[in-house]
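As structure tokens, the structure follows; a few thoughts come after it.
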Amino acid sequence: GVARSAFARAMIIGNRVTMFPDRASSTVGVFSVGNMTDFNVEWLGKLDRVNAVEVQFLNAETGYEADWQKRYDATEIFTNGNPVVKRSFQGVGVTRPVQAARLAQRDLNRAELLRRRIEWTAGVESLHLLPMDVVRVQHDATGRGIGGRIKASTSTTVKVNAKVSAIPAGAVITVRTYSSALGYDIVQERTDTATDGTDESTLTVSLAWTVNPAVGDPFAFGSDGTAYPWPKLFQIDSISLTPDLKRRITATEYNVGVYADDPGEIESFTDTMPDPRAFPARISRGAVREVGLVTCDDGCARVRLRVEWDTESKWQRADVWYAFADQTNAPDYGWQYVGRADETITFDVAPSTAYVVSVAPVSASGT
């Protein structure tokens, strides 16, 4: 998901990544046996249709700590007793709990409502299509619906190159035709009221066409319901070019109910975990070594010491002090500050003297 108010899908177009808004859309194309070939239908099984979704995200309300939101189908899991099939993924760009909850609910809706994926090959009539476009599809291989080409039309009738024996309840004819006023193709859907039942049937529609369909325009006829469930709406997933310069299109069933993603009331905690970098690490494997004698500028001799240590985290450092053993009980302990370093530091002390070294870890924040 991207931004604060909408989700999008990232898709590769040529050598670029393009963002396509994932939202409810109107129909922009019609495909049937009249303008498609090599048609395949795939039913999405149980593993593709999860009943629990978890979205992981970085929560801006808690300093971008890792967080998650989960949604599940209570009816499938608790009422029907089906096993939990969960999908977990990272919500790219998601920074608020409500965004993650919406994304999880939308993915759960998609798993519940979308059960078909199709592929087909089309010619020039598909050149205007892009991923995420919604099209109406019918094919005789499904055994449902009728499709083909327009033979003739008037303002309230249309003659098709197929036989329509009867008008089932809720039957609709969808036609894609060119609008000279707009300068591009439009999709018109009309409820059918009558047919003459001939081999090339003439259908009567309930509402006059905005633009009369032209000869050769593709049409799809049927009722997108349980009794007569084709032609159906599909949303395009991908488009690829075939060797003969046609387009191979993959699409998933479209249902506007997917976008009913209001998560309702969600739990959101703003308590933050302490930043571990604000706390000093523990010192381990400390050692003090006498490197050797060094001569001062005035001729005195000093003993060079090297102090070594390890910390739990490489971003941590340590402050080093030393004191002579006979001064450690003084009120100020007589500690002399050496400096701050990563894992080793060297300094000089007087010879033939007992001394104590203290190494104190320091956090990345300087505390």
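By convention here, the chains of the structure tokens are called A, B, ... in the order presented, each chain's residues are numbered starting at 1, and ligands are numbered starting at 1 in the order presented.
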
Within 6 Å of Asn51 in chain A using only C-alpha atoms, minus same-chain residues under 6 positions, as a ChimeraX atom specification: /A:72-73,85

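We find CA of Gly339 in chain A and CA of Gly299 in chain A to be spaced 25.2 Å apart.
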
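Nearest residue to Leu203 in chain A, choosing from A:Thr174, A:Asn40, A:Ser180, A:Thr157 and counting only C-alpha atoms: A:Thr157.
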
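Compared by their closest atoms to Ile77 in chain A, and using only C-alpha atoms, the residues A:Glu61, A:Ala52, A:Val215, A:Arg190 rank with A:Ala52 nearest.
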
Which of range 281-350 of chain A DSSP labels strand (DSSP E or B), written as a PyMOL selection string: chain A and resi 283-295+301-311+317-324+336-341+344-349

Take the residues from that selection and put them in a file with C-alpha atoms, as a PDB file, in the first residue's frame.
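Saved the output as out_16.pdb:
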ATOM      1  CA  ILE A 283      31.696  -4.608  29.427  1.00  0.00           C
ATOM      2  CA  SER A 284      33.243  -8.062  29.052  1.00  0.00           C
ATOM      3  CA  ARG A 285      36.672  -9.614  28.584  1.00  0.00           C
ATOM      4  CA  GLY A 286      38.438  -6.601  30.083  1.00  0.00           C
ATOM      5  CA  ALA A 287      42.226  -6.715  30.296  1.00  0.00           C
ATOM      6  CA  VAL A 288      45.068  -4.362  31.328  1.00  0.00           C
ATOM      7  CA  ARG A 289      48.474  -4.986  29.789  1.00  0.00           C
ATOM      8  CA  GLU A 290      51.862  -3.348  30.365  1.00  0.00           C
ATOM      9  CA  VAL A 291      53.219  -2.625  26.921  1.00  0.00           C
ATOM     10  CA  GLY A 292      56.645  -1.411  28.060  1.00  0.00           C
ATOM     11  CA  LEU A 293      58.627   1.567  29.300  1.00  0.00           C
ATOM     12  CA  VAL A 294      58.595   4.937  27.557  1.00  0.00           C
ATOM     13  CA  THR A 295      60.853   7.951  28.174  1.00  0.00           C
ATOM     14  CA  ALA A 301      60.492   6.857  32.700  1.00  0.00           C
ATOM     15  CA  ARG A 302      56.839   5.875  32.425  1.00  0.00           C
ATOM     16  CA  VAL A 303      55.010   2.573  32.036  1.00  0.00           C
ATOM     17  CA  ARG A 304      52.694   2.390  29.015  1.00  0.00           C
ATOM     18  CA  LEU A 305      49.432   0.509  29.656  1.00  0.00           C
ATOM     19  CA  ARG A 306      46.958  -0.825  27.106  1.00  0.00           C
ATOM     20  CA  VAL A 307      43.384  -1.414  28.279  1.00  0.00           C
ATOM     21  CA  GLU A 308      41.212  -3.717  26.152  1.00  0.00           C
ATOM     22  CA  TRP A 309      37.536  -4.650  26.432  1.00  0.00           C
ATOM     23  CA  ASP A 310      34.489  -5.896  24.497  1.00  0.00           C
ATOM     24  CA  THR A 311      30.946  -4.473  24.454  1.00  0.00           C
ATOM     25  CA  ARG A 317      32.074   2.993  23.387  1.00  0.00           C
ATOM     26  CA  ALA A 318      33.575   3.254  26.862  1.00  0.00           C
ATOM     27  CA  ASP A 319      35.124   5.856  29.163  1.00  0.00           C
ATOM     28  CA  VAL A 320      38.356   4.879  30.929  1.00  0.00           C
ATOM     29  CA  TRP A 321      39.689   6.159  34.273  1.00  0.00           C
ATOM     30  CA  TYR A 322      42.607   5.113  36.453  1.00  0.00           C
ATOM     31  CA  ALA A 323      43.704   5.754  40.032  1.00  0.00           C
ATOM     32  CA  PHE A 324      46.651   4.761  42.228  1.00  0.00           C
ATOM     33  CA  GLN A 336      42.112  10.408  36.482  1.00  0.00           C
ATOM     34  CA  TYR A 337      40.115  10.485  33.235  1.00  0.00           C
ATOM     35  CA  VAL A 338      41.949   8.881  30.301  1.00  0.00           C
ATOM     36  CA  GLY A 339      39.465   9.207  27.448  1.00  0.00           C
ATOM     37  CA  ARG A 340      36.718   7.560  25.397  1.00  0.00           C
ATOM     38  CA  ALA A 341      37.409   4.807  22.872  1.00  0.00           C
ATOM     39  CA  THR A 344      41.179  -0.293  23.349  1.00  0.00           C
ATOM     40  CA  ILE A 345      43.085   2.693  24.686  1.00  0.00           C
ATOM     41  CA  THR A 346      46.691   3.304  25.833  1.00  0.00           C
ATOM     42  CA  PHE A 347      48.082   5.678  28.476  1.00  0.00           C
ATOM     43  CA  ASP A 348      51.167   6.083  30.665  1.00  0.00           C
ATOM     44  CA  VAL A 349      51.568   5.807  34.469  1.00  0.00           C
TER      45      VAL A 349
END

DSSP helix (DSSP H, G or I) residues within range 162-265 of chain A, listed as a VMD selection string: chain A and resid 256 to 259

N, CA and C atoms of the current selection, written as a PDB file, in the first residue's frame:
ATOM      1  N   VAL A 256     -16.778  -5.572  -6.434  1.00  0.00           N
ATOM      2  CA  VAL A 256     -16.627  -4.298  -5.747  1.00  0.00           C
ATOM      3  C   VAL A 256     -16.644  -4.471  -4.228  1.00  0.00           C
ATOM      4  N   GLY A 257     -17.167  -5.609  -3.746  1.00  0.00           N
ATOM      5  CA  GLY A 257     -17.173  -5.865  -2.310  1.00  0.00           C
ATOM      6  C   GLY A 257     -15.784  -5.978  -1.706  1.00  0.00           C
ATOM      7  N   VAL A 258     -14.775  -6.201  -2.549  1.00  0.00           N
ATOM      8  CA  VAL A 258     -13.392  -6.258  -2.059  1.00  0.00           C
ATOM      9  C   VAL A 258     -13.020  -4.954  -1.369  1.00  0.00           C
ATOM     10  N   TYR A 259     -13.558  -3.841  -1.850  1.00  0.00           N
ATOM     11  CA  TYR A 259     -13.159  -2.537  -1.353  1.00  0.00           C
ATOM     12  C   TYR A 259     -13.973  -2.089  -0.138  1.00  0.00           C
TER      13      TYR A 259
END

Computed interatomic separation between CA of Leu245 in chain A and CA of Phe39 in chain A (Å): 17.2 Å

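Between Ser238 in chain A and the candidates A:Trp43, A:Phe31, A:Phe20, A:Tyr64, the tightest atom-to-atom separation, counting only C-alpha atoms, involves A:Phe20.
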
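Counting only C-alpha atoms and comparing A:Gly222, A:Gly264, A:Gly148, A:Pro131, the residue that lies closest to Asp237 in chain A is A:Pro131.
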
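Between Leu233 in chain A and the candidates A:Cys296, A:Val33, A:Leu207, A:Ala24, the tightest atom-to-atom separation, counting only C-alpha atoms, involves A:Ala24.
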
Hey, which bits of range 4-82 of chain A sit within 12 Å of range 105-118 of chain A, and for each residue what's the closest pair of atoms and how far apart in Å (one decimal), counting only C-alpha atoms, rows by chain and increasing number, as a tab-separated table?
residue	atom	partner	partner_atom	distance
A:Ala6	CA	A:Arg106	CA	11.8
A:Phe7	CA	A:Arg106	CA	10.2
A:Asp22	CA	A:Arg106	CA	10.4
A:Arg23	CA	A:Arg106	CA	10.6
A:Ala24	CA	A:Arg106	CA	11.9
A:Phe31	CA	A:Ile118	CA	12.0
A:Met36	CA	A:Ile118	CA	11.9
A:Thr37	CA	A:Ile118	CA	11.9
A:Asp38	CA	A:Ile118	CA	10.3
A:Phe39	CA	A:Ile118	CA	7.3
A:Asn40	CA	A:Ile118	CA	5.5
A:Val41	CA	A:Ile118	CA	4.5
A:Glu42	CA	A:Arg117	CA	5.0
A:Trp43	CA	A:Arg116	CA	4.7
A:Leu44	CA	A:Arg115	CA	5.0
A:Gly45	CA	A:Arg115	CA	7.7
A:Lys46	CA	A:Ala111	CA	9.0
A:Leu47	CA	A:Ala111	CA	9.6
A:Asp48	CA	A:Ala111	CA	7.0
A:Arg49	CA	A:Ala111	CA	4.3
A:Val50	CA	A:Ala111	CA	5.8
A:Asn51	CA	A:Leu108	CA	6.5
A:Ala52	CA	A:Leu108	CA	6.8
A:Val53	CA	A:Leu108	CA	6.3
A:Glu54	CA	A:Gln105	CA	9.4
A:Val55	CA	A:Asp107	CA	9.6
A:Gln69	CA	A:Gln105	CA	9.6
A:Lys70	CA	A:Gln105	CA	8.3
A:Arg71	CA	A:Gln105	CA	6.0
A:Tyr72	CA	A:Leu108	CA	7.2
A:Asp73	CA	A:Leu108	CA	7.6
A:Ala74	CA	A:Leu108	CA	11.3
A:Thr75	CA	A:Glu112	CA	11.3
A:Glu76	CA	A:Glu112	CA	9.9

For Ser32 in chain A: contacts at 8 Å, only C-alpha atoms, fewer than 3 positions along chain excluded, given as a PyMOL selection string: chain A and resi 35-36+137-139+146-148+218-220

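Each of A:Thr202, A:Thr195, A:Ser179, A:Glu125 was checked against Val158 in chain A using only C-alpha atoms; the smallest atom-to-atom distance is that of A:Thr202.
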
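CA of Thr177 in chain A is found 12.5 Å from CA of Ala152 in chain A.
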
Neighbour list for Gln99 in chain A as JSON, numbers by chain, cut-off 12 Å, only C-alpha atoms, skip fewer than 2 positions in-chain: {"A": [1, 2, 3, 4, 5, 6, 7, 55, 56, 57, 58, 59, 60, 67, 68, 69, 70, 91, 92, 93, 94, 95, 96, 97, 101, 102, 103, 104, 105, 106, 261, 262, 263, 264, 266, 268]}

Can I get the selection written as a compact mmCIF listing (two decimals), in the first residue's frame, with N, CA and C atoms?
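The new file result_34.txt reads:
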# COMPACT_ATOMS: atom_id res chain seq x y z
N GLY A 1 0.81 -1.18 0.00
CA GLY A 1 0.00 0.00 0.00
C GLY A 1 0.86 1.25 0.00
N VAL A 2 0.37 2.35 -0.54
CA VAL A 2 1.12 3.60 -0.56
C VAL A 2 0.24 4.72 -0.07
N ALA A 3 0.90 5.79 0.37
CA ALA A 3 0.26 7.02 0.80
C ALA A 3 -0.64 6.79 1.99
N ARG A 4 -1.41 7.79 2.34
CA ARG A 4 -2.25 7.71 3.52
C ARG A 4 -3.71 7.39 3.19
N SER A 5 -4.13 7.63 1.96
CA SER A 5 -5.55 7.53 1.66
C SER A 5 -5.90 6.47 0.64
N ALA A 6 -4.93 5.82 0.02
CA ALA A 6 -5.24 4.85 -1.02
C ALA A 6 -4.14 3.81 -1.08
N PHE A 7 -4.48 2.68 -1.70
CA PHE A 7 -3.50 1.63 -1.94
C PHE A 7 -3.22 1.57 -3.43
N VAL A 55 -0.81 -8.28 8.45
CA VAL A 55 -0.01 -7.26 7.77
C VAL A 55 1.01 -6.70 8.76
N GLN A 56 2.27 -6.79 8.42
CA GLN A 56 3.35 -6.24 9.24
C GLN A 56 3.70 -4.86 8.71
N PHE A 57 4.00 -3.94 9.63
CA PHE A 57 4.30 -2.57 9.21
C PHE A 57 5.13 -1.88 10.26
N LEU A 58 5.66 -0.70 9.91
CA LEU A 58 6.41 0.13 10.84
C LEU A 58 5.49 1.24 11.31
N ASN A 59 5.22 1.26 12.61
CA ASN A 59 4.20 2.13 13.19
C ASN A 59 4.79 3.50 13.51
N ALA A 60 4.33 4.53 12.79
CA ALA A 60 4.81 5.89 13.02
C ALA A 60 4.42 6.40 14.40
N ASP A 67 5.27 -3.50 13.97
CA ASP A 67 3.93 -3.74 14.51
C ASP A 67 3.16 -4.59 13.51
N TRP A 68 1.95 -5.00 13.84
CA TRP A 68 1.15 -5.81 12.93
C TRP A 68 -0.33 -5.62 13.22
N GLN A 69 -1.14 -5.91 12.22
CA GLN A 69 -2.59 -5.97 12.33
C GLN A 69 -3.07 -7.25 11.68
N LYS A 70 -4.06 -7.88 12.28
CA LYS A 70 -4.55 -9.17 11.77
C LYS A 70 -6.07 -9.11 11.62
N GLY A 91 3.46 -4.63 4.71
CA GLY A 91 2.71 -3.56 4.07
C GLY A 91 3.66 -2.43 3.69
N VAL A 92 4.10 -2.40 2.44
CA VAL A 92 5.06 -1.39 1.99
C VAL A 92 4.40 -0.01 2.02
N GLY A 93 5.02 0.93 2.71
CA GLY A 93 4.47 2.27 2.80
C GLY A 93 3.44 2.45 3.90
N VAL A 94 3.03 1.37 4.56
CA VAL A 94 2.03 1.45 5.63
C VAL A 94 2.71 1.89 6.91
N THR A 95 2.21 2.96 7.54
CA THR A 95 2.82 3.49 8.77
C THR A 95 1.82 3.72 9.88
N ARG A 96 0.53 3.38 9.66
CA ARG A 96 -0.48 3.58 10.70
C ARG A 96 -1.29 2.30 10.87
N PRO A 97 -1.75 2.02 12.11
CA PRO A 97 -2.54 0.80 12.34
C PRO A 97 -3.79 0.71 11.48
N ALA A 101 -4.81 -2.34 9.03
CA ALA A 101 -6.07 -3.06 9.23
C ALA A 101 -6.90 -3.05 7.94
N ARG A 102 -6.93 -1.92 7.23
CA ARG A 102 -7.66 -1.85 5.96
C ARG A 102 -7.06 -2.80 4.93
N LEU A 103 -5.72 -2.80 4.86
CA LEU A 103 -5.06 -3.66 3.89
C LEU A 103 -5.32 -5.13 4.19
N ALA A 104 -5.32 -5.49 5.48
CA ALA A 104 -5.61 -6.88 5.87
C ALA A 104 -7.05 -7.25 5.54
N GLN A 105 -7.99 -6.34 5.82
CA GLN A 105 -9.39 -6.61 5.53
C GLN A 105 -9.64 -6.73 4.03
N ARG A 106 -8.97 -5.89 3.24
CA ARG A 106 -9.14 -5.95 1.79
C ARG A 106 -8.60 -7.28 1.25
N ASP A 261 -13.53 -2.21 2.98
CA ASP A 261 -12.43 -2.57 3.86
C ASP A 261 -12.40 -1.77 5.16
N ASP A 262 -13.54 -1.18 5.54
CA ASP A 262 -13.59 -0.46 6.82
C ASP A 262 -13.32 -1.45 7.94
N PRO A 263 -12.22 -1.32 8.69
CA PRO A 263 -11.90 -2.31 9.72
C PRO A 263 -12.67 -2.13 11.01
N GLY A 264 -13.46 -1.04 11.11
CA GLY A 264 -14.15 -0.79 12.37
C GLY A 264 -13.17 -0.32 13.43
N ILE A 266 -10.26 -0.49 15.94
CA ILE A 266 -9.04 -1.29 16.02
C ILE A 266 -8.26 -0.91 17.27
N SER A 268 -4.98 0.13 19.09
CA SER A 268 -3.76 0.83 18.71
C SER A 268 -3.05 1.26 19.98
